[in-house]
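Visitor: My file is entry.cif. It has mmCIF, N, CA and C atoms:
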data_coords
#
loop_
_atom_site.label_atom_id
_atom_site.label_comp_id
_atom_site.auth_asym_id
_atom_site.auth_seq_id
_atom_site.Cartn_x
_atom_site.Cartn_y
_atom_site.Cartn_z
N MET T 91 14.31 14.32 4.98
CA MET T 91 13.37 13.74 4.04
C MET T 91 12.68 12.56 4.72
N SER T 92 11.37 12.50 4.63
CA SER T 92 10.64 11.39 5.23
C SER T 92 10.62 10.20 4.28
N GLU T 93 10.23 9.05 4.81
CA GLU T 93 10.12 7.85 3.99
C GLU T 93 9.07 8.04 2.90
N TYR T 94 8.09 8.90 3.17
CA TYR T 94 7.07 9.19 2.15
C TYR T 94 7.73 9.77 0.90
N ASP T 95 8.77 10.57 1.09
CA ASP T 95 9.47 11.19 -0.03
C ASP T 95 10.52 10.26 -0.65
N ALA T 96 11.11 9.39 0.15
CA ALA T 96 12.22 8.56 -0.30
C ALA T 96 11.79 7.41 -1.22
N GLN T 97 10.54 6.97 -1.14
CA GLN T 97 10.02 5.87 -1.96
C GLN T 97 10.84 4.59 -1.81
N PRO T 98 10.89 4.01 -0.61
CA PRO T 98 11.72 2.83 -0.37
C PRO T 98 11.25 1.57 -1.10
N TYR T 99 10.02 1.57 -1.61
CA TYR T 99 9.48 0.36 -2.25
C TYR T 99 9.26 0.53 -3.75
N ARG T 100 9.89 1.51 -4.33
CA ARG T 100 9.73 1.76 -5.77
C ARG T 100 10.06 0.50 -6.58
N ASP T 101 11.11 -0.22 -6.21
CA ASP T 101 11.50 -1.44 -6.94
C ASP T 101 10.47 -2.55 -6.81
N ASN T 102 9.61 -2.47 -5.79
CA ASN T 102 8.54 -3.45 -5.60
C ASN T 102 7.25 -3.02 -6.31
N GLY T 103 7.29 -1.88 -6.99
CA GLY T 103 6.12 -1.40 -7.70
C GLY T 103 5.15 -0.61 -6.85
N LEU T 104 5.62 -0.02 -5.75
CA LEU T 104 4.75 0.75 -4.86
C LEU T 104 5.30 2.16 -4.69
N ILE T 105 4.45 3.14 -4.99
CA ILE T 105 4.78 4.54 -4.76
C ILE T 105 3.69 5.14 -3.90
N LEU T 106 4.07 5.78 -2.81
CA LEU T 106 3.13 6.44 -1.91
C LEU T 106 3.46 7.92 -1.89
N SER T 107 2.45 8.75 -2.11
CA SER T 107 2.62 10.21 -2.10
C SER T 107 1.67 10.81 -1.09
N LYS T 108 2.20 11.58 -0.17
CA LYS T 108 1.36 12.25 0.81
C LYS T 108 0.58 13.36 0.12
N VAL T 109 -0.75 13.35 0.27
CA VAL T 109 -1.61 14.35 -0.36
C VAL T 109 -1.96 15.45 0.65
N THR T 110 -2.39 15.05 1.83
CA THR T 110 -2.67 15.97 2.93
C THR T 110 -2.08 15.37 4.19
N GLU T 111 -2.26 16.03 5.30
CA GLU T 111 -1.76 15.51 6.58
C GLU T 111 -2.35 14.14 6.91
N ASN T 112 -3.58 13.88 6.42
CA ASN T 112 -4.29 12.65 6.77
C ASN T 112 -4.57 11.73 5.59
N THR T 113 -4.04 12.04 4.41
CA THR T 113 -4.34 11.25 3.21
C THR T 113 -3.07 11.06 2.38
N ALA T 114 -2.94 9.86 1.84
CA ALA T 114 -1.86 9.57 0.89
C ALA T 114 -2.46 8.88 -0.32
N SER T 115 -1.79 9.01 -1.43
CA SER T 115 -2.18 8.35 -2.67
C SER T 115 -1.16 7.26 -2.95
N ILE T 116 -1.65 6.06 -3.29
CA ILE T 116 -0.72 4.99 -3.62
C ILE T 116 -0.94 4.53 -5.05
N LYS T 117 0.16 4.22 -5.69
CA LYS T 117 0.17 3.62 -7.03
C LYS T 117 0.88 2.29 -6.89
N TYR T 118 0.21 1.23 -7.34
CA TYR T 118 0.77 -0.11 -7.21
C TYR T 118 0.80 -0.78 -8.58
N ASP T 119 2.00 -1.13 -9.03
CA ASP T 119 2.14 -1.95 -10.24
C ASP T 119 3.13 -3.08 -9.95
N GLY T 120 3.01 -3.60 -8.74
CA GLY T 120 3.88 -4.66 -8.27
C GLY T 120 3.47 -6.04 -8.75
N LEU T 121 3.87 -7.04 -7.99
CA LEU T 121 3.74 -8.45 -8.35
C LEU T 121 2.34 -8.83 -8.82
N LEU T 122 1.31 -8.45 -8.07
CA LEU T 122 -0.06 -8.85 -8.44
C LEU T 122 -0.49 -8.22 -9.75
N ALA T 123 -0.17 -6.96 -9.94
CA ALA T 123 -0.50 -6.28 -11.20
C ALA T 123 0.26 -6.91 -12.36
N GLN T 124 1.51 -7.24 -12.13
CA GLN T 124 2.34 -7.84 -13.18
C GLN T 124 1.85 -9.24 -13.57
N CYS T 125 1.19 -9.92 -12.63
CA CYS T 125 0.68 -11.27 -12.89
C CYS T 125 -0.74 -11.26 -13.45
N GLY T 126 -1.27 -10.07 -13.75
CA GLY T 126 -2.56 -9.97 -14.42
C GLY T 126 -3.78 -9.91 -13.53
N ALA T 127 -3.63 -9.47 -12.30
CA ALA T 127 -4.79 -9.37 -11.39
C ALA T 127 -5.85 -8.45 -11.98
N ASP T 128 -7.11 -8.87 -11.86
CA ASP T 128 -8.23 -8.03 -12.30
C ASP T 128 -8.58 -6.98 -11.25
N ASP T 129 -8.54 -7.37 -10.00
CA ASP T 129 -8.83 -6.48 -8.88
C ASP T 129 -7.71 -6.60 -7.87
N VAL T 130 -7.35 -5.47 -7.26
CA VAL T 130 -6.36 -5.46 -6.19
C VAL T 130 -6.93 -4.66 -5.03
N TYR T 131 -6.72 -5.18 -3.84
CA TYR T 131 -7.14 -4.53 -2.60
C TYR T 131 -5.89 -4.27 -1.77
N THR T 132 -5.90 -3.17 -1.04
CA THR T 132 -4.83 -2.93 -0.08
C THR T 132 -5.41 -3.00 1.32
N MET T 133 -4.69 -3.63 2.21
CA MET T 133 -5.01 -3.61 3.62
C MET T 133 -4.10 -2.58 4.25
N VAL T 134 -4.69 -1.67 4.99
CA VAL T 134 -3.97 -0.55 5.60
C VAL T 134 -4.14 -0.65 7.11
N GLY T 135 -3.05 -0.57 7.83
CA GLY T 135 -3.08 -0.54 9.29
C GLY T 135 -2.03 0.43 9.80
N TYR T 136 -2.09 0.71 11.08
CA TYR T 136 -1.23 1.74 11.66
C TYR T 136 -0.51 1.22 12.89
N GLY T 137 0.62 1.85 13.19
CA GLY T 137 1.38 1.50 14.39
C GLY T 137 2.43 0.46 14.10
N ASP T 138 2.72 -0.35 15.11
CA ASP T 138 3.75 -1.38 15.02
C ASP T 138 3.45 -2.35 13.88
N ASN T 139 4.45 -2.66 13.08
CA ASN T 139 4.29 -3.55 11.93
C ASN T 139 3.86 -4.96 12.33
N ASN T 140 4.10 -5.35 13.58
CA ASN T 140 3.72 -6.68 14.06
C ASN T 140 2.38 -6.70 14.78
N SER T 141 1.75 -5.55 14.94
CA SER T 141 0.49 -5.46 15.67
C SER T 141 -0.33 -4.28 15.13
N TRP T 142 -0.87 -4.45 13.94
CA TRP T 142 -1.57 -3.35 13.26
C TRP T 142 -2.82 -2.93 14.02
N GLN T 143 -3.13 -1.64 13.94
CA GLN T 143 -4.34 -1.08 14.53
C GLN T 143 -5.22 -0.50 13.43
N ASP T 144 -6.53 -0.46 13.67
CA ASP T 144 -7.49 0.18 12.77
C ASP T 144 -7.33 -0.29 11.32
N VAL T 145 -7.29 -1.60 11.12
CA VAL T 145 -7.06 -2.18 9.79
C VAL T 145 -8.28 -1.96 8.89
N GLN T 146 -8.02 -1.52 7.68
CA GLN T 146 -9.06 -1.30 6.67
C GLN T 146 -8.66 -2.01 5.39
N THR T 147 -9.66 -2.49 4.65
CA THR T 147 -9.44 -3.05 3.31
C THR T 147 -10.02 -2.06 2.31
N ILE T 148 -9.21 -1.66 1.35
CA ILE T 148 -9.61 -0.66 0.36
C ILE T 148 -9.42 -1.23 -1.04
N ARG T 149 -10.50 -1.21 -1.83
CA ARG T 149 -10.40 -1.67 -3.22
C ARG T 149 -9.72 -0.57 -4.03
N MET T 150 -8.74 -0.98 -4.82
CA MET T 150 -7.99 -0.03 -5.62
C MET T 150 -8.61 0.09 -7.01
N ASN T 151 -8.42 1.23 -7.65
CA ASN T 151 -8.92 1.48 -9.00
C ASN T 151 -7.83 1.17 -10.01
N ARG T 152 -8.21 0.48 -11.07
CA ARG T 152 -7.25 0.12 -12.11
C ARG T 152 -7.16 1.23 -13.15
N PHE T 153 -5.92 1.60 -13.49
CA PHE T 153 -5.63 2.54 -14.57
C PHE T 153 -4.52 1.92 -15.40
N GLY T 154 -4.87 1.38 -16.56
CA GLY T 154 -3.88 0.71 -17.39
C GLY T 154 -3.35 -0.53 -16.69
N ASN T 155 -2.05 -0.59 -16.50
CA ASN T 155 -1.41 -1.74 -15.85
C ASN T 155 -1.12 -1.52 -14.37
N SER T 156 -1.68 -0.47 -13.79
CA SER T 156 -1.42 -0.19 -12.38
C SER T 156 -2.73 0.04 -11.64
N PHE T 157 -2.65 0.02 -10.32
CA PHE T 157 -3.80 0.22 -9.45
C PHE T 157 -3.51 1.41 -8.54
N HIS T 158 -4.56 2.18 -8.25
CA HIS T 158 -4.41 3.42 -7.48
C HIS T 158 -5.48 3.49 -6.39
N ALA T 159 -5.15 4.14 -5.28
CA ALA T 159 -6.12 4.40 -4.22
C ALA T 159 -5.61 5.54 -3.36
N ASP T 160 -6.56 6.26 -2.79
CA ASP T 160 -6.24 7.21 -1.73
C ASP T 160 -6.51 6.50 -0.42
N ILE T 161 -5.58 6.61 0.51
CA ILE T 161 -5.70 5.93 1.79
C ILE T 161 -5.56 6.93 2.93
N PRO T 162 -6.22 6.67 4.05
CA PRO T 162 -6.02 7.52 5.22
C PRO T 162 -4.67 7.20 5.86
N ILE T 163 -4.00 8.23 6.34
CA ILE T 163 -2.77 8.03 7.13
C ILE T 163 -2.99 8.68 8.49
N ASN T 164 -2.26 8.21 9.46
CA ASN T 164 -2.41 8.68 10.83
C ASN T 164 -1.11 9.36 11.24
N PRO T 165 -1.10 10.70 11.29
CA PRO T 165 0.14 11.41 11.64
C PRO T 165 0.71 10.89 12.96
N GLY T 166 2.00 10.68 12.98
CA GLY T 166 2.67 10.22 14.18
C GLY T 166 2.71 8.71 14.33
N MET T 167 2.05 7.98 13.43
CA MET T 167 2.06 6.52 13.48
C MET T 167 2.56 5.98 12.14
N SER T 168 3.20 4.83 12.17
CA SER T 168 3.59 4.17 10.93
C SER T 168 2.35 3.73 10.17
N THR T 169 2.44 3.76 8.84
CA THR T 169 1.38 3.24 7.97
C THR T 169 1.89 1.95 7.36
N ASN T 170 1.14 0.87 7.53
CA ASN T 170 1.52 -0.46 7.06
C ASN T 170 0.57 -0.90 5.96
N LEU T 171 1.11 -1.48 4.89
CA LEU T 171 0.31 -1.90 3.75
C LEU T 171 0.68 -3.31 3.32
N VAL T 172 -0.32 -4.05 2.83
CA VAL T 172 -0.13 -5.28 2.06
C VAL T 172 -1.18 -5.25 0.96
N PHE T 173 -1.03 -6.12 -0.02
CA PHE T 173 -1.94 -6.14 -1.17
C PHE T 173 -2.41 -7.57 -1.41
N LYS T 174 -3.65 -7.70 -1.91
CA LYS T 174 -4.16 -9.00 -2.32
C LYS T 174 -5.03 -8.81 -3.55
N ASP T 175 -5.18 -9.89 -4.32
CA ASP T 175 -6.07 -9.82 -5.48
C ASP T 175 -7.34 -10.60 -5.18
N SER T 176 -8.25 -10.65 -6.14
CA SER T 176 -9.54 -11.30 -5.92
C SER T 176 -9.42 -12.82 -5.79
N ALA T 177 -8.29 -13.40 -6.18
CA ALA T 177 -8.05 -14.84 -6.04
C ALA T 177 -7.31 -15.16 -4.73
N GLU T 178 -7.18 -14.16 -3.84
CA GLU T 178 -6.50 -14.31 -2.55
C GLU T 178 -4.99 -14.55 -2.67
N ASN T 179 -4.39 -14.09 -3.76
CA ASN T 179 -2.92 -14.05 -3.86
C ASN T 179 -2.46 -12.78 -3.15
N TRP T 180 -1.38 -12.87 -2.41
CA TRP T 180 -0.92 -11.76 -1.58
C TRP T 180 0.44 -11.26 -2.03
N ASP T 181 0.63 -9.95 -1.86
CA ASP T 181 1.95 -9.33 -1.95
C ASP T 181 2.16 -8.62 -0.62
N ASN T 182 2.96 -9.24 0.23
CA ASN T 182 3.25 -8.66 1.55
C ASN T 182 4.74 -8.40 1.73
N ASN T 183 5.42 -8.14 0.60
CA ASN T 183 6.85 -7.81 0.65
C ASN T 183 7.63 -8.94 1.32
N SER T 184 7.37 -10.17 0.88
CA SER T 184 8.05 -11.36 1.42
C SER T 184 7.90 -11.47 2.94
N GLY T 185 6.70 -11.15 3.43
CA GLY T 185 6.41 -11.25 4.86
C GLY T 185 6.83 -10.05 5.69
N MET T 186 7.45 -9.06 5.06
CA MET T 186 7.93 -7.89 5.79
C MET T 186 6.91 -6.75 5.81
N ASN T 187 5.88 -6.83 4.97
CA ASN T 187 4.89 -5.77 4.78
C ASN T 187 5.55 -4.52 4.21
N TYR T 188 4.74 -3.57 3.84
CA TYR T 188 5.23 -2.28 3.33
C TYR T 188 4.93 -1.24 4.41
N THR T 189 5.96 -0.72 5.04
CA THR T 189 5.78 0.19 6.17
C THR T 189 6.41 1.54 5.87
N PHE T 190 5.63 2.58 6.12
CA PHE T 190 6.09 3.96 5.97
C PHE T 190 6.02 4.63 7.34
N HIS T 191 7.10 5.36 7.71
CA HIS T 191 7.18 6.01 9.02
C HIS T 191 6.89 7.49 8.89
#
If you took the structure in this file and wrote it as C-alpha cells, what would it be?

Guide:
Amino acid sequence: MSEYDAQPYRDNGLILSKVTENTASIKYDGLLAQCGADDVYTMVGYGDNNSWQDVQTIRMNRFGNSFHADIPINPGMSTNLVFKDSAENWDNNSGMNYTFH
C-alpha cells in the first residue's frame, strides 16, 4: 500500500487521493479551514522535502467547511505540500510539511 492510500495526515485534516498517474485530488479541512479561512492555497513541490523542485501555488476551491484542489503529481518523486490562507497564515505540519512518497 502506498502512502497515497494510507492517508498519513488524516488527523491533520488532509486527504490525498490519486486520480491518475499524474494527478491527485486533495481535500483539506485542517487548521486554516477550522480557523475560518476564506481562501486557502496549497504550495506543491516535488523531490526532497528540504529542497523542493517545480514549486506551484494552487488556489483551492471551497466546498462547505473544506477546501479541494486537483494537483499534479510527478511519478517517482515525493510530492510535498503546505497550505496558506489569504492572511498569510500557514499550515506546514509544524515545519515538517506534508510529504507523500

Visitor: Tell me which of T:Pro162, T:Phe153, T:Met133, T:Asn187 sits closest to Glu111 (chain T), counting all atoms listed in the file.

Guide: T:Pro162

Visitor: Could you put an axis-aligned box around every listed atom of region 165-184 of chain T, padded by 3 Å on each side, and send me its centre and edge lengths in Å to one decimal, as JSON?

Guide:
{"center_x": -0.7, "center_y": -1.9, "center_z": 4.1, "size_x": 23.6, "size_y": 32.6, "size_z": 26.5}

Visitor: Identify which of the residues T:Gln146, T:Asn139, T:Lys117, T:Gln124 lies closest to Ala159 (chain T), counting only C-alpha atoms when measuring atom-to-atom distances.

Guide: T:Lys117

Visitor: Based on DSSP run over this structure's backbone, return all residues of region 92-189 of chain T in strand (DSSP E or B), as a PyMOL selection string.

Guide: chain T and resi 104-110+113-118+130-136+143-149+151-153+156-162+169-175+180-181+188-189

Visitor: From the list T:Ser176, T:Thr110, T:Asn140, T:Thr189, which residue is nearest Ile163 (chain T) when using only N, CA and C atoms?

Guide: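 Selected residue with least distance to Ile163 (chain T): T:Thr110.
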
Visitor: Just so the selection is clear, what residues does the PyMOL selection byres (((chain T and resi 101 and name CA) around 12) and name CA) cover here, as a PyMOL selection string?

Guide: chain T and resi 97-100+102-105+118-121+183

Visitor: Could you tell me how far CA of Gly185 (chain T) sits from CA of Ile148 (chain T), in Å to one decimal place?

Guide: 19.7 Å

Visitor: Any idea what the distance is between CA of Asn151 (chain T) and CA of Gly126 (chain T)?

Guide: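 Spanning CA of Asn151 (chain T) to CA of Gly126 (chain T) is a straight-line distance of 14.2 Å.
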
Visitor: Could you tell me which residues the PyMOL selection byres ((chain T and resi 164) around 7) returns for this structure, as a list in words?

Guide: Glu111, Asn112, Thr113, Tyr136, Pro162, Ile163, Pro165, Gly166, Met167, Ser168 and Thr169 of chain T
